[in-house]
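These notes concern the structure reproduced below.
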Amino acid sequence: KSNQIGTPLEYFRKFFDDDIIANLVHQTNLYSTEKTGVSVDTSFNEICHFLGIHIIAGIVHMPSYRMYWANETRFSPIADVMSRNRFEKLRSCFHINDNSKIKTRDHPEYDKLFKVRPFIESLKQNFEKIEPEEHNAVDEIMIPCKSHTALKQYIKSKPHKWGIKMFARAGASGIVYDFDIYIGKGTTHEPSDLGI
């Protein structure tokens with residue numbers, strides 16, 4: 001365990017490690033083959049570029065993704081990294097888990113988070129790489145969400161009233177050390193589940 005921060009990229013990669021990216025490459029290639037019969041043939045570096053585009057687009061907002069590549073609104077930190085067609089191709093095939101293993105809703109092991117489960121579990125493991133602060137607290141956090149999902153909740157008292165609710169254990173600095181996503185009635189958030 002280490003609290004050495006390093007550069008922002010090193011800090012990000014502490015959580016978003018090689019194993020996560022390798023899984024995204026594998027699952028995206030697998031899904032594209034299942035969907036179209038031909039692999040999108042993406043690579044580790046290309047998925048890193050794809051993720052970087054999403055991060056930058058989250059900071060420099062435009063009404064439409066296509067505007068980053070359009071002549072009038074071209075944004076070179078994105079447009080120079082990947083063509084619009086390639087970005088859209090990857091976006092249509094981007095996957096985190098193997099659809100062939102999903103359980104039906106009536107199955108006792110059905111998981112509402114199946115599509116993102118490998119990412120969640122890897123992220124939680126990587127959070128353990130940081131030495132926790134002395135003082136921690138568990139609280140509800142809302143991840144703002146505008147999409148249609150059965151996981152979306154409304155909490156009147158939160159700044160972002162609509163979103164995906166999770167229980168998080170964080171230090172006084174605001175760094176999250178563990179979390180559980182609320183999936184509806186029956187979600188457990190025992191103190192032991194959050195490492196307390």
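Going by the structure tokens order, chains are called A, B, ..., each with residues numbered from 1, while ligands are numbered from 1 in the order shown.
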
For this session: Please identify all polymer residues within 12 Å of stretch 160-171 of chain A, counting only C-alpha atoms, omitting same-chain residues fewer than 2 positions from it, and present them as a ChimeraX atom specification.
Result: /A:113,124,127-128,130-158,173-184,187-196

Please produce a file of those selected residues containing C-alpha atoms, as a PDB file, in the first residue's frame.
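again_37.pdb, freshly written:
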```pdb
ATOM      1  CA  LEU A 113     -24.882  -4.725 -12.104  1.00  0.00           C
ATOM      2  CA  LYS A 124     -12.891  -1.755  -5.261  1.00  0.00           C
ATOM      3  CA  PHE A 127      -9.110   1.379  -3.757  1.00  0.00           C
ATOM      4  CA  GLU A 128      -7.511  -0.913  -1.168  1.00  0.00           C
ATOM      5  CA  ILE A 130      -4.381   3.421  -0.673  1.00  0.00           C
ATOM      6  CA  GLU A 131      -3.581   3.525   3.022  1.00  0.00           C
ATOM      7  CA  PRO A 132      -6.799   4.730   4.693  1.00  0.00           C
ATOM      8  CA  GLU A 133      -6.857   7.823   6.848  1.00  0.00           C
ATOM      9  CA  GLU A 134      -7.380   7.522  10.578  1.00  0.00           C
ATOM     10  CA  HIS A 135     -10.909   8.975  10.505  1.00  0.00           C
ATOM     11  CA  ASN A 136     -13.486   7.492   8.096  1.00  0.00           C
ATOM     12  CA  ALA A 137     -17.218   7.881   7.658  1.00  0.00           C
ATOM     13  CA  VAL A 138     -19.877   6.016   5.689  1.00  0.00           C
ATOM     14  CA  ASP A 139     -22.424   8.099   3.800  1.00  0.00           C
ATOM     15  CA  GLU A 140     -24.833   7.975   0.882  1.00  0.00           C
ATOM     16  CA  ILE A 141     -23.462   9.423  -2.341  1.00  0.00           C
ATOM     17  CA  MET A 142     -25.417  10.197  -5.494  1.00  0.00           C
ATOM     18  CA  ILE A 143     -23.744   9.665  -8.857  1.00  0.00           C
ATOM     19  CA  PRO A 144     -25.637  12.066 -11.153  1.00  0.00           C
ATOM     20  CA  CYS A 145     -27.437  10.092 -13.861  1.00  0.00           C
ATOM     21  CA  LYS A 146     -29.749  11.223 -16.652  1.00  0.00           C
ATOM     22  CA  SER A 147     -30.033   7.873 -18.420  1.00  0.00           C
ATOM     23  CA  HIS A 148     -32.933   5.457 -18.066  1.00  0.00           C
ATOM     24  CA  THR A 149     -31.968   2.778 -15.568  1.00  0.00           C
ATOM     25  CA  ALA A 150     -33.765   0.818 -12.886  1.00  0.00           C
ATOM     26  CA  LEU A 151     -30.961   1.837 -10.521  1.00  0.00           C
ATOM     27  CA  LYS A 152     -31.839   5.551 -10.611  1.00  0.00           C
ATOM     28  CA  GLN A 153     -33.016   6.956  -7.268  1.00  0.00           C
ATOM     29  CA  TYR A 154     -34.419  10.271  -6.055  1.00  0.00           C
ATOM     30  CA  ILE A 155     -33.056  11.752  -2.834  1.00  0.00           C
ATOM     31  CA  LYS A 156     -34.493  15.179  -2.061  1.00  0.00           C
ATOM     32  CA  SER A 157     -31.736  16.198   0.356  1.00  0.00           C
ATOM     33  CA  LYS A 158     -28.828  15.659  -2.073  1.00  0.00           C
ATOM     34  CA  SER A 173      -9.950  14.268   2.647  1.00  0.00           C
ATOM     35  CA  GLY A 174     -12.918  13.030   0.597  1.00  0.00           C
ATOM     36  CA  ILE A 175     -11.017  10.053  -0.833  1.00  0.00           C
ATOM     37  CA  VAL A 176     -13.300   7.010  -1.158  1.00  0.00           C
ATOM     38  CA  TYR A 177     -11.796   3.773   0.168  1.00  0.00           C
ATOM     39  CA  ASP A 178     -14.734   1.432  -0.409  1.00  0.00           C
ATOM     40  CA  PHE A 179     -18.278   1.551  -1.759  1.00  0.00           C
ATOM     41  CA  ASP A 180     -21.431  -0.468  -2.442  1.00  0.00           C
ATOM     42  CA  ILE A 181     -23.909   0.501  -5.147  1.00  0.00           C
ATOM     43  CA  TYR A 182     -27.552   0.474  -4.081  1.00  0.00           C
ATOM     44  CA  ILE A 183     -29.499  -1.929  -6.282  1.00  0.00           C
ATOM     45  CA  GLY A 184     -32.856  -1.704  -4.531  1.00  0.00           C
ATOM     46  CA  THR A 187     -29.037  -4.132  -0.756  1.00  0.00           C
ATOM     47  CA  THR A 188     -26.786  -4.831   2.166  1.00  0.00           C
ATOM     48  CA  HIS A 189     -24.451  -2.200   3.500  1.00  0.00           C
ATOM     49  CA  GLU A 190     -23.340  -3.750   6.753  1.00  0.00           C
ATOM     50  CA  PRO A 191     -20.396  -1.887   8.294  1.00  0.00           C
ATOM     51  CA  SER A 192     -18.183  -4.950   7.701  1.00  0.00           C
ATOM     52  CA  ASP A 193     -18.991  -4.795   3.977  1.00  0.00           C
ATOM     53  CA  LEU A 194     -17.402  -1.357   3.796  1.00  0.00           C
ATOM     54  CA  GLY A 195     -14.238  -2.364   5.608  1.00  0.00           C
ATOM     55  CA  ILE A 196     -15.056  -0.808   8.971  1.00  0.00           C
TER      56      ILE A 196
END
```

Problem set entry | Selection: 9 Å around A:Val40, only C-alpha atoms, excl. self and same-chain fewer than 5 positions, as a ChimeraX atom specification | /A:28-33,89-90,93

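A straight line drawn from atom CA of A:Phe114 to atom CA of A:Asn97 is 7.2 Å long.
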
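Across the model, the gap from atom CA of A:Lys35 to atom CA of A:Ile53 is 23.8 Å.
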
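Using only C-alpha atoms, the smallest distance between any of A:Glu121, A:Ile78, A:Lys103, A:Phe94 and A:Ser39 comes from A:Phe94.
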
For this session: List every residue of chain A that DSSP, applied to the backbone of this structure, assigns to helix (DSSP H, G or I), and report them as a PyMOL selection string.
Result: chain A and resi 8-15+18-36+44-59+65-68+76-79+84-93+99-101+114-127+191-194

List every residue of stretch 60-181 of chain A that DSSP, applied to the backbone, labels as strand (DSSP E or B), and write the result as a compact mmCIF listing (two decimals) with C-alpha atoms, in the first residue's frame.
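File written: out29.txt
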```txt
# COMPACT_ATOMS: atom_id res chain seq x y z
CA ASN A 136 -13.49 7.49 8.10
CA ALA A 137 -17.22 7.88 7.66
CA VAL A 138 -19.88 6.02 5.69
CA ASP A 139 -22.42 8.10 3.80
CA GLU A 140 -24.83 7.97 0.88
CA ILE A 141 -23.46 9.42 -2.34
CA MET A 142 -25.42 10.20 -5.49
CA ILE A 143 -23.74 9.67 -8.86
CA PRO A 144 -25.64 12.07 -11.15
CA LYS A 152 -31.84 5.55 -10.61
CA GLN A 153 -33.02 6.96 -7.27
CA TYR A 154 -34.42 10.27 -6.06
CA TRP A 162 -31.55 12.05 -9.32
CA GLY A 163 -28.83 9.47 -9.75
CA ILE A 164 -27.37 6.15 -8.77
CA LYS A 165 -27.12 5.85 -5.01
CA MET A 166 -24.17 4.25 -3.33
CA PHE A 167 -22.85 3.86 0.17
CA ALA A 168 -19.23 4.96 0.43
CA ARG A 169 -16.56 4.86 3.11
CA ALA A 170 -14.40 7.95 2.78
CA GLY A 171 -11.73 9.75 4.73
CA VAL A 176 -13.30 7.01 -1.16
CA TYR A 177 -11.80 3.77 0.17
CA ASP A 178 -14.73 1.43 -0.41
CA PHE A 179 -18.28 1.55 -1.76
CA ASP A 180 -21.43 -0.47 -2.44
CA ILE A 181 -23.91 0.50 -5.15
```

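Taking atom CA of A:Asp41 and atom CA of A:Leu24 as the two end points, the separation is 11.9 Å.
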
Problem set entry | Test item: residues at most 12 Å from A:Arg13, only C-alpha atoms, excluding those fewer than 2 positions along its chain, as a PyMOL selection string | chain A and resi 5-11+15-21+48+51-52+123+126-127+129

Those same residues, written as an mmCIF file, in the first residue's frame with N, CA and C atoms?
```cif
data_model
loop_
_atom_site.group_PDB
_atom_site.id
_atom_site.type_symbol
_atom_site.label_atom_id
_atom_site.label_comp_id
_atom_site.auth_asym_id
_atom_site.auth_seq_id
_atom_site.Cartn_x
_atom_site.Cartn_y
_atom_site.Cartn_z
ATOM 1 N N ILE A 5 1.400 10.067 -4.413
ATOM 2 C CA ILE A 5 0.454 10.577 -5.402
ATOM 3 C C ILE A 5 1.033 10.538 -6.802
ATOM 4 N N GLY A 6 2.231 11.146 -7.023
ATOM 5 C CA GLY A 6 2.806 11.208 -8.363
ATOM 6 C C GLY A 6 2.020 12.171 -9.238
ATOM 7 N N THR A 7 2.039 11.919 -10.533
ATOM 8 C CA THR A 7 1.308 12.773 -11.473
ATOM 9 C C THR A 7 -0.176 12.417 -11.439
ATOM 10 N N PRO A 8 -1.042 13.295 -11.956
ATOM 11 C CA PRO A 8 -2.468 12.944 -12.027
ATOM 12 C C PRO A 8 -2.701 11.635 -12.789
ATOM 13 N N LEU A 9 -1.946 11.409 -13.869
ATOM 14 C CA LEU A 9 -2.105 10.170 -14.631
ATOM 15 C C LEU A 9 -1.701 8.958 -13.800
ATOM 16 N N GLU A 10 -0.597 9.059 -13.058
ATOM 17 C CA GLU A 10 -0.168 7.943 -12.201
ATOM 18 C C GLU A 10 -1.223 7.651 -11.139
ATOM 19 N N TYR A 11 -1.796 8.695 -10.602
ATOM 20 C CA TYR A 11 -2.838 8.524 -9.589
ATOM 21 C C TYR A 11 -4.059 7.834 -10.195
ATOM 22 N N PHE A 15 -5.870 3.323 -9.887
ATOM 23 C CA PHE A 15 -7.214 2.758 -9.798
ATOM 24 C C PHE A 15 -7.618 2.084 -11.103
ATOM 25 N N PHE A 16 -7.362 2.731 -12.204
ATOM 26 C CA PHE A 16 -7.705 2.236 -13.540
ATOM 27 C C PHE A 16 -6.463 1.536 -14.087
ATOM 28 N N ASP A 17 -6.172 0.341 -13.558
ATOM 29 C CA ASP A 17 -4.901 -0.322 -13.845
ATOM 30 C C ASP A 17 -4.924 -1.125 -15.147
ATOM 31 N N ASP A 18 -3.790 -1.758 -15.459
ATOM 32 C CA ASP A 18 -3.649 -2.529 -16.700
ATOM 33 C C ASP A 18 -4.679 -3.646 -16.819
ATOM 34 N N ASP A 19 -5.008 -4.295 -15.692
ATOM 35 C CA ASP A 19 -5.978 -5.402 -15.733
ATOM 36 C C ASP A 19 -7.358 -4.914 -16.170
ATOM 37 N N ILE A 20 -7.771 -3.761 -15.682
ATOM 38 C CA ILE A 20 -9.069 -3.203 -16.082
ATOM 39 C C ILE A 20 -9.066 -2.909 -17.575
ATOM 40 N N ILE A 21 -8.016 -2.260 -18.055
ATOM 41 C CA ILE A 21 -7.952 -1.898 -19.474
ATOM 42 C C ILE A 21 -7.874 -3.142 -20.351
ATOM 43 N N CYS A 48 -7.066 3.092 -24.193
ATOM 44 C CA CYS A 48 -6.587 4.216 -23.363
ATOM 45 C C CYS A 48 -6.950 5.546 -24.016
ATOM 46 N N LEU A 51 -10.759 6.092 -23.650
ATOM 47 C CA LEU A 51 -11.106 6.546 -22.299
ATOM 48 C C LEU A 51 -10.686 7.998 -22.088
ATOM 49 N N GLY A 52 -9.507 8.350 -22.595
ATOM 50 C CA GLY A 52 -9.031 9.725 -22.487
ATOM 51 C C GLY A 52 -9.962 10.712 -23.170
ATOM 52 N N LEU A 123 -12.174 -2.063 -9.397
ATOM 53 C CA LEU A 123 -12.024 -0.729 -8.822
ATOM 54 C C LEU A 123 -11.980 -0.801 -7.298
ATOM 55 N N ASN A 126 -8.685 -2.016 -6.190
ATOM 56 C CA ASN A 126 -7.649 -0.994 -6.362
ATOM 57 C C ASN A 126 -7.752 0.116 -5.325
ATOM 58 N N PHE A 127 -8.957 0.383 -4.819
ATOM 59 C CA PHE A 127 -9.110 1.379 -3.757
ATOM 60 C C PHE A 127 -8.346 0.937 -2.507
ATOM 61 N N LYS A 129 -5.508 -0.189 -2.360
ATOM 62 C CA LYS A 129 -4.077 0.104 -2.499
ATOM 63 C C LYS A 129 -3.688 1.387 -1.768
#
```

Seminar exercise, completed: Counting only C-alpha atoms, closest pick from A:Val38, A:Met67, A:Ile56, A:Ile120 relative to A:Val81 is A:Ile56
